[in-house]
Every structure is written in structure tokens, then in C-alpha cells.
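Data file: work10.cif. Format and content: mmCIF, C-alpha atoms.
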data_data
#
loop_
_atom_site.label_atom_id
_atom_site.label_comp_id
_atom_site.auth_asym_id
_atom_site.auth_seq_id
_atom_site.Cartn_x
_atom_site.Cartn_y
_atom_site.Cartn_z
CA MET A 1153 0.00 0.00 0.00
CA ALA A 1154 2.95 2.32 0.53
CA SER A 1155 3.85 2.34 -3.16
CA LYS A 1156 0.48 3.73 -4.25
CA PRO A 1157 0.77 7.04 -2.32
CA GLY A 1158 4.40 7.21 -3.45
CA THR A 1159 3.38 6.97 -7.10
CA LEU A 1160 0.61 9.52 -6.63
CA ASN A 1161 3.06 11.92 -4.99
CA LEU A 1162 5.45 11.48 -7.90
CA LEU A 1163 2.71 12.36 -10.37
CA ARG A 1164 1.61 15.37 -8.29
CA ARG A 1165 5.15 16.72 -8.22
CA ASN A 1166 5.73 16.00 -11.91
CA PRO A 1167 2.44 16.17 -13.84
CA ALA A 1168 4.26 16.58 -17.16
CA GLY A 1169 6.22 13.42 -16.38
CA GLY A 1170 2.98 11.45 -16.17
CA ILE A 1171 2.01 12.71 -19.63
CA VAL A 1172 5.38 11.64 -21.06
CA VAL A 1173 4.87 8.19 -19.50
CA LEU A 1174 1.52 8.01 -21.31
CA ALA A 1175 3.24 9.07 -24.54
CA CYS A 1176 5.78 6.29 -24.08
CA GLY A 1177 2.97 3.76 -23.70
CA LEU A 1178 1.16 5.04 -26.78
CA LEU A 1179 4.36 4.83 -28.82
CA VAL A 1180 4.77 1.16 -27.92
CA ALA A 1181 1.09 0.49 -28.65
CA ILE A 1182 1.13 2.01 -32.13
CA THR A 1183 4.27 0.01 -32.93
CA TYR A 1184 3.29 -3.44 -31.71
CA VAL A 1185 -0.53 -3.65 -31.68
CA PRO A 1186 -0.93 -3.66 -35.50
CA GLN A 1187 2.03 -6.00 -35.80
CA THR A 1188 0.23 -8.56 -33.64
CA LEU A 1189 -3.33 -8.17 -34.92
CA VAL A 1190 -2.85 -7.22 -38.58
CA VAL A 1191 0.67 -7.57 -39.95
CA ALA A 1192 1.33 -11.14 -38.76
CA ASN A 1193 -1.65 -12.50 -40.69
CA LEU A 1194 -1.04 -10.23 -43.70
CA THR A 1195 2.61 -11.20 -44.11
CA ALA A 1196 1.70 -14.89 -43.78
CA THR A 1197 -0.84 -14.45 -46.58
CA VAL A 1198 1.40 -12.42 -48.91
CA TRP A 1199 4.81 -14.00 -48.24
CA GLY A 1200 3.75 -17.51 -47.30
CA LYS A 1201 6.69 -19.72 -46.35
CA ASP A 1202 9.09 -16.78 -46.80
CA MET A 1203 7.42 -14.78 -44.01
CA THR A 1204 9.95 -15.60 -41.27
CA ARG A 1205 12.94 -14.99 -43.52
CA ASN A 1206 11.63 -11.65 -44.82
CA LEU A 1207 10.71 -10.38 -41.37
CA GLY A 1208 14.16 -11.37 -40.16
CA PHE A 1209 15.80 -9.35 -42.94
CA LEU A 1210 13.58 -6.37 -42.14
CA ASP A 1211 14.47 -6.46 -38.44
CA MET A 1212 18.17 -6.81 -39.23
CA ALA A 1213 18.04 -3.77 -41.53
CA ARG A 1214 16.04 -1.89 -38.92
CA TYR A 1215 18.58 -2.53 -36.16
CA VAL A 1216 21.50 -1.63 -38.42
CA LEU A 1217 19.79 1.69 -39.17
CA ALA A 1218 19.17 2.21 -35.45
CA PHE A 1219 22.89 1.67 -34.76
CA PHE A 1220 23.86 4.51 -37.10
CA CYS A 1221 20.93 6.91 -36.56
CA THR A 1222 20.16 6.88 -32.82
CA GLY A 1223 23.24 8.97 -31.98
CA PRO A 1224 22.58 11.68 -34.60
CA LEU A 1225 18.94 11.79 -33.49
CA GLY A 1226 20.12 12.38 -29.93
CA ARG A 1227 22.36 15.24 -31.09
CA PHE A 1228 19.38 16.66 -32.99
CA GLY A 1229 17.42 16.58 -29.74
CA ASP A 1230 20.25 18.33 -27.89
CA ARG A 1231 20.28 21.09 -30.47
CA TYR A 1232 16.59 21.58 -31.24
CA GLY A 1233 14.97 20.15 -28.12
CA SER A 1234 13.68 16.76 -27.05
CA ARG A 1235 10.15 17.70 -28.11
CA ALA A 1236 11.24 17.97 -31.77
CA ALA A 1237 13.16 14.69 -31.57
CA THR A 1238 10.18 12.97 -29.94
CA ALA A 1239 7.85 14.27 -32.66
CA ILE A 1240 10.14 12.79 -35.32
CA VAL A 1241 10.12 9.48 -33.46
CA ALA A 1242 6.30 9.49 -33.32
CA ILE A 1243 6.02 10.23 -37.05
CA LEU A 1244 8.47 7.50 -38.06
CA GLN A 1245 6.88 4.92 -35.78
CA SER A 1246 3.43 5.77 -37.17
CA LEU A 1247 4.55 5.57 -40.79
CA PRO A 1248 4.04 1.78 -41.21
CA ILE A 1249 0.40 2.05 -40.10
CA PHE A 1250 -0.40 4.79 -42.57
CA MET A 1251 1.34 2.88 -45.37
CA LEU A 1252 -1.12 0.03 -44.85
CA LEU A 1253 -4.04 2.45 -44.72
CA ILE A 1254 -2.94 4.22 -47.91
CA PHE A 1255 -1.84 1.26 -50.04
CA GLY A 1256 -4.19 -1.32 -48.58
CA GLN A 1257 -3.63 -4.77 -47.15
CA SER A 1258 -2.09 -6.20 -50.29
CA ALA A 1259 1.31 -7.07 -51.72
CA LEU A 1260 1.89 -3.38 -52.49
CA GLY A 1261 0.77 -2.41 -49.01
CA ILE A 1262 3.10 -4.89 -47.32
CA THR A 1263 5.98 -3.62 -49.48
CA ALA A 1264 5.29 -0.03 -48.42
CA TRP A 1265 4.94 -1.22 -44.82
CA SER A 1266 8.30 -2.98 -45.07
CA VAL A 1267 10.08 0.18 -46.23
CA ALA A 1268 8.44 2.23 -43.48
CA ARG A 1269 9.27 -0.47 -40.92
CA VAL A 1270 12.96 -0.26 -41.78
CA LEU A 1271 12.90 3.55 -41.67
CA SER A 1272 11.36 3.43 -38.20
CA GLY A 1273 14.61 1.85 -37.02
CA ALA A 1274 16.15 5.33 -37.07
CA THR A 1275 14.25 6.06 -33.85
CA GLY A 1276 16.00 3.35 -31.85
CA ALA A 1277 12.62 2.43 -30.34
CA THR A 1278 12.15 -0.93 -28.65
CA ILE A 1279 9.37 -2.61 -26.71
CA SER A 1280 10.26 -0.44 -23.69
CA GLY A 1281 10.11 2.93 -25.51
CA ALA A 1282 12.51 5.22 -27.33
CA PRO A 1283 15.66 7.07 -26.20
CA ALA A 1284 14.21 10.41 -27.36
CA LEU A 1285 11.23 9.96 -25.03
CA PHE A 1286 13.51 9.10 -22.12
CA ALA A 1287 15.49 12.29 -22.79
CA PHE A 1288 12.21 14.24 -22.91
CA LEU A 1289 11.20 12.63 -19.61
CA HIS A 1290 14.46 13.83 -18.06
CA GLU A 1291 13.57 17.41 -19.00
CA VAL A 1292 10.10 17.45 -17.42
CA VAL A 1293 10.64 15.70 -14.06
CA LEU A 1294 12.59 16.73 -11.00
CA PRO A 1295 16.14 15.30 -11.03
CA GLY A 1296 15.55 13.20 -7.93
CA ASP A 1297 12.42 11.59 -9.41
CA TYR A 1298 13.84 10.54 -12.77
CA ASP A 1299 14.80 6.98 -11.80
CA ALA A 1300 11.32 6.30 -10.42
CA PHE A 1301 9.73 7.70 -13.57
CA MET A 1302 11.87 5.41 -15.74
CA GLY A 1303 10.27 2.50 -13.91
CA LEU A 1304 6.83 4.01 -14.51
CA ALA A 1305 7.67 4.47 -18.20
CA PHE A 1306 8.58 0.78 -18.61
CA ALA A 1307 5.42 -0.29 -16.77
CA GLY A 1308 3.30 2.15 -18.78
CA ALA A 1309 4.71 0.81 -22.05
CA VAL A 1310 3.72 -2.77 -21.20
CA LEU A 1311 0.32 -1.70 -19.85
CA CYS A 1312 -0.58 0.35 -22.93
CA TRP A 1313 0.56 -2.49 -25.18
CA MET A 1314 -1.70 -4.94 -23.33
CA ILE A 1315 -4.69 -2.59 -23.32
CA GLY A 1316 -4.15 -1.79 -26.99
CA ASN A 1317 -4.13 -5.48 -27.86
CA PHE A 1318 -7.32 -6.11 -25.88
CA VAL A 1319 -9.14 -3.15 -27.46
CA GLY A 1320 -7.82 -3.99 -30.93
CA ALA A 1321 -8.88 -7.63 -30.57
CA ALA A 1322 -12.36 -6.51 -29.46
CA ILE A 1323 -12.63 -4.22 -32.50
CA LEU A 1324 -11.50 -7.04 -34.79
CA LYS A 1325 -14.04 -9.42 -33.30
CA GLN A 1326 -16.83 -6.84 -33.59
CA ARG A 1327 -16.08 -5.51 -37.08
CA HIS A 1328 -14.39 -8.55 -38.66
CA ASP A 1329 -12.18 -6.08 -40.54
CA SER A 1330 -8.53 -5.48 -39.76
CA SER A 1331 -8.79 -2.00 -41.32
CA ALA A 1332 -10.80 -0.97 -38.27
CA VAL A 1333 -7.83 -1.96 -36.09
CA LEU A 1334 -5.51 0.17 -38.26
CA LEU A 1335 -7.88 3.13 -37.90
CA PHE A 1336 -7.89 2.63 -34.14
CA VAL A 1337 -4.09 2.63 -34.05
CA ALA A 1338 -3.98 5.67 -36.35
CA GLY A 1339 -6.18 7.45 -33.81
CA LEU A 1340 -3.66 6.55 -31.11
CA SER A 1341 -0.91 7.97 -33.30
CA ILE A 1342 -2.74 11.29 -33.74
CA THR A 1343 -3.37 11.37 -29.99
CA LEU A 1344 0.34 10.82 -29.36
CA MET A 1345 1.27 13.76 -31.60
CA GLY A 1346 -1.23 15.97 -29.78
CA ILE A 1347 0.23 14.96 -26.41
CA ILE A 1348 3.79 15.71 -27.54
CA ILE A 1349 2.77 19.18 -28.75
CA THR A 1350 0.99 20.09 -25.51
CA ILE A 1351 3.71 19.00 -23.04
CA ARG A 1352 5.42 21.95 -21.38
CA ILE A 1353 8.56 21.91 -19.26
CA PRO A 1354 7.67 23.33 -15.80
CA ARG A 1355 9.61 26.50 -14.95
CA LYS A 1356 10.65 25.16 -11.56
CA ILE A 1357 12.23 22.06 -13.11
CA SER A 1358 14.03 24.04 -15.81
CA GLU A 1359 15.44 26.38 -13.14
CA GLU A 1360 16.63 23.40 -11.05
CA GLN A 1361 18.27 21.83 -14.10
CA GLU A 1362 20.03 25.08 -14.91
CA GLY A 1363 21.19 25.32 -11.33
CA ALA A 1364 22.44 21.73 -11.40
CA GLU A 1365 24.41 22.47 -14.56
CA ALA A 1366 25.89 25.61 -13.06
CA SER A 1367 26.75 24.09 -9.66
CA PRO A 1368 29.91 22.20 -10.74
CA ALA A 1369 31.47 25.52 -11.73
CA GLU A 1370 30.93 27.06 -8.28
CA PRO A 1371 33.69 25.13 -6.44
CA LYS A 1372 36.15 26.11 -9.14
CA GLN A 1373 35.19 29.76 -8.80
CA SER A 1374 35.56 29.64 -5.00
CA GLN A 1375 39.02 28.07 -5.32
CA GLN A 1376 40.08 30.82 -7.71
CA GLN A 1377 38.82 33.47 -5.29
CA GLN A 1378 40.76 31.86 -2.41
CA GLN A 1379 43.94 31.83 -4.50
CA GLN A 1380 43.47 35.48 -5.40
CA GLN A 1381 42.96 36.38 -1.71
CA GLN A 1382 46.11 34.49 -0.71
CA GLN A 1383 48.13 36.29 -3.40
CA GLN A 1384 46.86 39.66 -2.17
#

Write out the structure in this file as C-alpha cells.
Amino acid sequence: MASKPGTLNLLRRNPAGGIVVLACGLLVAITYVPQTLVVANLTATVWGKDMTRNLGFLDMARYVLAFFCTGPLGRFGDRYGSRAATAIVAILQSLPIFMLLIFGQSALGITAWSVARVLSGATGATISGAPALFAFLHEVVLPGDYDAFMGLAFAGAVLCWMIGNFVGAAILKQRHDSSAVLLFVAGLSITLMGIIITIRIPRKISEEQEGAEASPAEPKQSQQQQQQQQQQ
């Protein structure tokens, strides 16, 4: 029972952090829910016995791209802000869904999905989230609460994935059309973009972060002042 008030206190102190945790969960949901409920069956139909081999090649290409692009994306976030980097991550992770909606669930659609799937590797996203979102989380929570929020982010990612699968499966059972699942996930993607746009870094946290960055220089300045006084 002690953990529940602790979590509530964390969210009260860092409301923007709770929103970023939700964004992390939505990112995982839009990545893996369609893969489970739509893409697995579609690739089996289109590729047949080559499904496992082709998916393996796609994942290999995706991880190679992540190896080379995650660092530059992090530097982009350092220069232009974590919000911009997170928005790019959300767009790239949503791209495979919209490829299937645009080109249909056909051989052409799965080809477009495959290209978008590989491009999404540039985000470095995994089943636990994306580095850009973790950097964004660091900017919106108090320094002492970051470790706890990382745990919440991992839990939120798994929870949103599970809920997304349950809701998607219910939609599929009700409509008997996988396009309805894709529309549901597309709605989650639009919601994610809206959340990213609305998140604001609290002034108190930004001031504390600036103070933390400036504090290492203070001992050096005091030592210089002491040396100057001794010379005088």
C-alpha cells in the first residue's frame, strides 16, 4: 500500500512526467498492436513460407539503421529540443500504419509497410520505448524523481501495449475487418502527436536543471577566489 501514495506523490510533483509516461505507452502500442493483430496475418498471406525470412531481414536492416541513426537523433534533440526529436520518433513509428491504410492490405501495401518499418529503425525504439522519449522525460521531471519515472515508463509501455491489444482484438471481433484496427491505431498515433505538442517543461524544473548544470562551476570559482585572496 505504501507504493500507491508514493506513485501519486510522484505524479503530483511531476504532472508533465505522467504525460510523457503516457506518450511512451502510446508509442509502444502504435508500434506493436498492429504487428500482432494485422501484420502477422497479412505477411503470412502475402509472403507464405518466406514470411519468417523476410521479417528477419527487415528487423536486421532496422537494427543496423538504429545503430547509425540513434546517436545523430540524440544530437538533434540536444540542439533543437527533445520535443522535436520525440515528434520525429512518433512520425516515423506511425509511418508503417499509414502505409497500410494508404496502399491497402495487399502485396503493395506490405511492401510499403516494409520500407516504413525499416525507416522506423532510425528512432532506436524498442518494446520499452525510445531514447528520445527518455530524454524528454528527463527534461520534465525533477532530477531526484527521474529513476522512479523510468520504472513508470517501462510499466506504462507494457500496460498500454496490453490494453491496446485487448481493445484492438475486441474491435477485430466486432467488425471482422482489420482495417478498423488500423484506424484505431492511427487514432492513437494522432493522440500521441497531440500529447507531444501540448507537453510543457515546468519553470521550476528548468530552473533546477540550470542550477544543477551551473553548480559544478561554483567550487572552481571559489578556489580561484581563495587563491586570489592568498596572493593579495

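Against the coordinates shown, the PyMOL selection byres ((chain A and resi 1221) around 12) returns Arg1214, Tyr1215, Val1216, Leu1217, Ala1218, Phe1219, Phe1220, Thr1222, Gly1223, Pro1224, Leu1225, Gly1226, Arg1227, Phe1228, Val1241, Val1270, Leu1271, Ser1272, Gly1273, Ala1274, Thr1275, Gly1276, Ala1277, Pro1283 and Ala1284 of chain A.
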
Within 12 Å of range 1331-1342 of chain A, which residues of range 1297-1321 of chain A come that close, and what is the closest atom pair and distance in Å for each? Count only C-alpha atoms and give it as a Markdown table.
| residue | atom | partner | partner_atom | distance |
| --- | --- | --- | --- | --- |
| A:Cys1312 | CA | A:Leu1340 | CA | 10.7 |
| A:Trp1313 | CA | A:Val1337 | CA | 11.2 |
| A:Ile1315 | CA | A:Val1337 | CA | 11.9 |
| A:Gly1316 | CA | A:Val1337 | CA | 8.3 |
| A:Asn1317 | CA | A:Val1333 | CA | 9.7 |
| A:Phe1318 | CA | A:Val1333 | CA | 11.0 |
| A:Val1319 | CA | A:Val1333 | CA | 8.8 |
| A:Gly1320 | CA | A:Val1333 | CA | 5.5 |
| A:Ala1321 | CA | A:Val1333 | CA | 8.0 |

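Contact shell of Asn1166 in chain A at 10 Å (all atoms listed in the file; same-chain neighbours under 6 positions omitted): Leu1160, Val1292, Val1293, Leu1294, Asp1297, Tyr1298, Phe1301, Ile1353, Pro1354 and Ile1357 of chain A.
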
- Which neighbours of Leu1178 in chain A fall inside 10 Å, counting only C-alpha atoms, when residues of the same chain fewer than 3 positions from it are skipped, and could you give them as number ranges by chain? A: 1172-1175, 1181-1183, 1242, 1281, 1308-1313, 1316, 1337, 1340-1341, 1343-1345, 1347

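As for CA of Gly1296 in chain A and CA of Ile1240 in chain A, they are spaced 27.9 Å apart.
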
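With all atoms listed in the file as the atoms that count, the minimum distance from Gly1208 in chain A to the choices A:Gly1170, A:Ile1249, A:Arg1269, A:Leu1163 is reached by A:Arg1269.
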
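Our summary of the geometry notes that CA of Gly1229 in chain A is positioned 24.4 Å from CA of Val1267 in chain A.
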
Mind filling out range 1292-1311 of chain A with N, CA, C and O atoms and sending it as a short mmCIF file (atom, residue, chain, number, x, y, z; two decimals), in the frame of the given file?
data_model
loop_
_atom_site.label_atom_id
_atom_site.label_comp_id
_atom_site.auth_asym_id
_atom_site.auth_seq_id
_atom_site.Cartn_x
_atom_site.Cartn_y
_atom_site.Cartn_z
N VAL A 1292 11.37 16.99 -18.01
CA VAL A 1292 10.10 17.45 -17.42
C VAL A 1292 9.88 16.96 -16.00
O VAL A 1292 8.86 17.31 -15.40
N VAL A 1293 10.80 16.16 -15.44
CA VAL A 1293 10.64 15.70 -14.06
C VAL A 1293 11.78 16.24 -13.21
O VAL A 1293 12.85 16.58 -13.73
N LEU A 1294 11.55 16.31 -11.92
CA LEU A 1294 12.59 16.73 -11.00
C LEU A 1294 13.74 15.73 -11.03
O LEU A 1294 13.51 14.52 -11.16
N PRO A 1295 14.98 16.21 -10.92
CA PRO A 1295 16.14 15.30 -11.03
C PRO A 1295 16.08 14.10 -10.10
O PRO A 1295 16.43 12.99 -10.48
N GLY A 1296 15.59 14.30 -8.89
CA GLY A 1296 15.55 13.20 -7.93
C GLY A 1296 14.48 12.17 -8.22
O GLY A 1296 14.49 11.08 -7.64
N ASP A 1297 13.53 12.50 -9.11
CA ASP A 1297 12.42 11.59 -9.41
C ASP A 1297 12.60 10.85 -10.73
O ASP A 1297 11.74 10.04 -11.10
N TYR A 1298 13.70 11.11 -11.42
CA TYR A 1298 13.84 10.54 -12.77
C TYR A 1298 13.90 9.01 -12.75
O TYR A 1298 13.27 8.35 -13.57
N ASP A 1299 14.66 8.43 -11.84
CA ASP A 1299 14.80 6.98 -11.80
C ASP A 1299 13.44 6.31 -11.58
O ASP A 1299 13.13 5.29 -12.22
N ALA A 1300 12.64 6.87 -10.67
CA ALA A 1300 11.32 6.30 -10.42
C ALA A 1300 10.44 6.42 -11.66
O ALA A 1300 9.67 5.50 -11.98
N PHE A 1301 10.54 7.52 -12.38
CA PHE A 1301 9.73 7.70 -13.57
C PHE A 1301 10.17 6.77 -14.70
O PHE A 1301 9.35 6.40 -15.55
N MET A 1302 11.44 6.40 -14.74
CA MET A 1302 11.87 5.41 -15.74
C MET A 1302 11.16 4.08 -15.49
O MET A 1302 10.73 3.41 -16.45
N GLY A 1303 11.02 3.71 -14.23
CA GLY A 1303 10.27 2.50 -13.91
C GLY A 1303 8.82 2.61 -14.33
O GLY A 1303 8.24 1.67 -14.88
N LEU A 1304 8.22 3.79 -14.09
CA LEU A 1304 6.83 4.01 -14.51
C LEU A 1304 6.71 3.96 -16.03
O LEU A 1304 5.71 3.46 -16.57
N ALA A 1305 7.71 4.47 -16.74
CA ALA A 1305 7.67 4.47 -18.20
C ALA A 1305 7.69 3.04 -18.74
O ALA A 1305 6.93 2.70 -19.66
N PHE A 1306 8.53 2.17 -18.17
CA PHE A 1306 8.58 0.78 -18.61
C PHE A 1306 7.24 0.08 -18.32
O PHE A 1306 6.71 -0.65 -19.16
N ALA A 1307 6.70 0.33 -17.12
CA ALA A 1307 5.42 -0.29 -16.77
C ALA A 1307 4.30 0.24 -17.65
O ALA A 1307 3.43 -0.51 -18.10
N GLY A 1308 4.32 1.56 -17.93
CA GLY A 1308 3.30 2.15 -18.78
C GLY A 1308 3.35 1.62 -20.20
O GLY A 1308 2.31 1.44 -20.84
N ALA A 1309 4.56 1.35 -20.69
CA ALA A 1309 4.71 0.81 -22.05
C ALA A 1309 4.05 -0.56 -22.16
O ALA A 1309 3.28 -0.82 -23.09
N VAL A 1310 4.30 -1.42 -21.18
CA VAL A 1310 3.72 -2.77 -21.20
C VAL A 1310 2.21 -2.69 -21.02
O VAL A 1310 1.44 -3.39 -21.70
N LEU A 1311 1.75 -1.81 -20.11
CA LEU A 1311 0.32 -1.70 -19.85
C LEU A 1311 -0.44 -1.21 -21.08
O LEU A 1311 -1.49 -1.76 -21.44
#
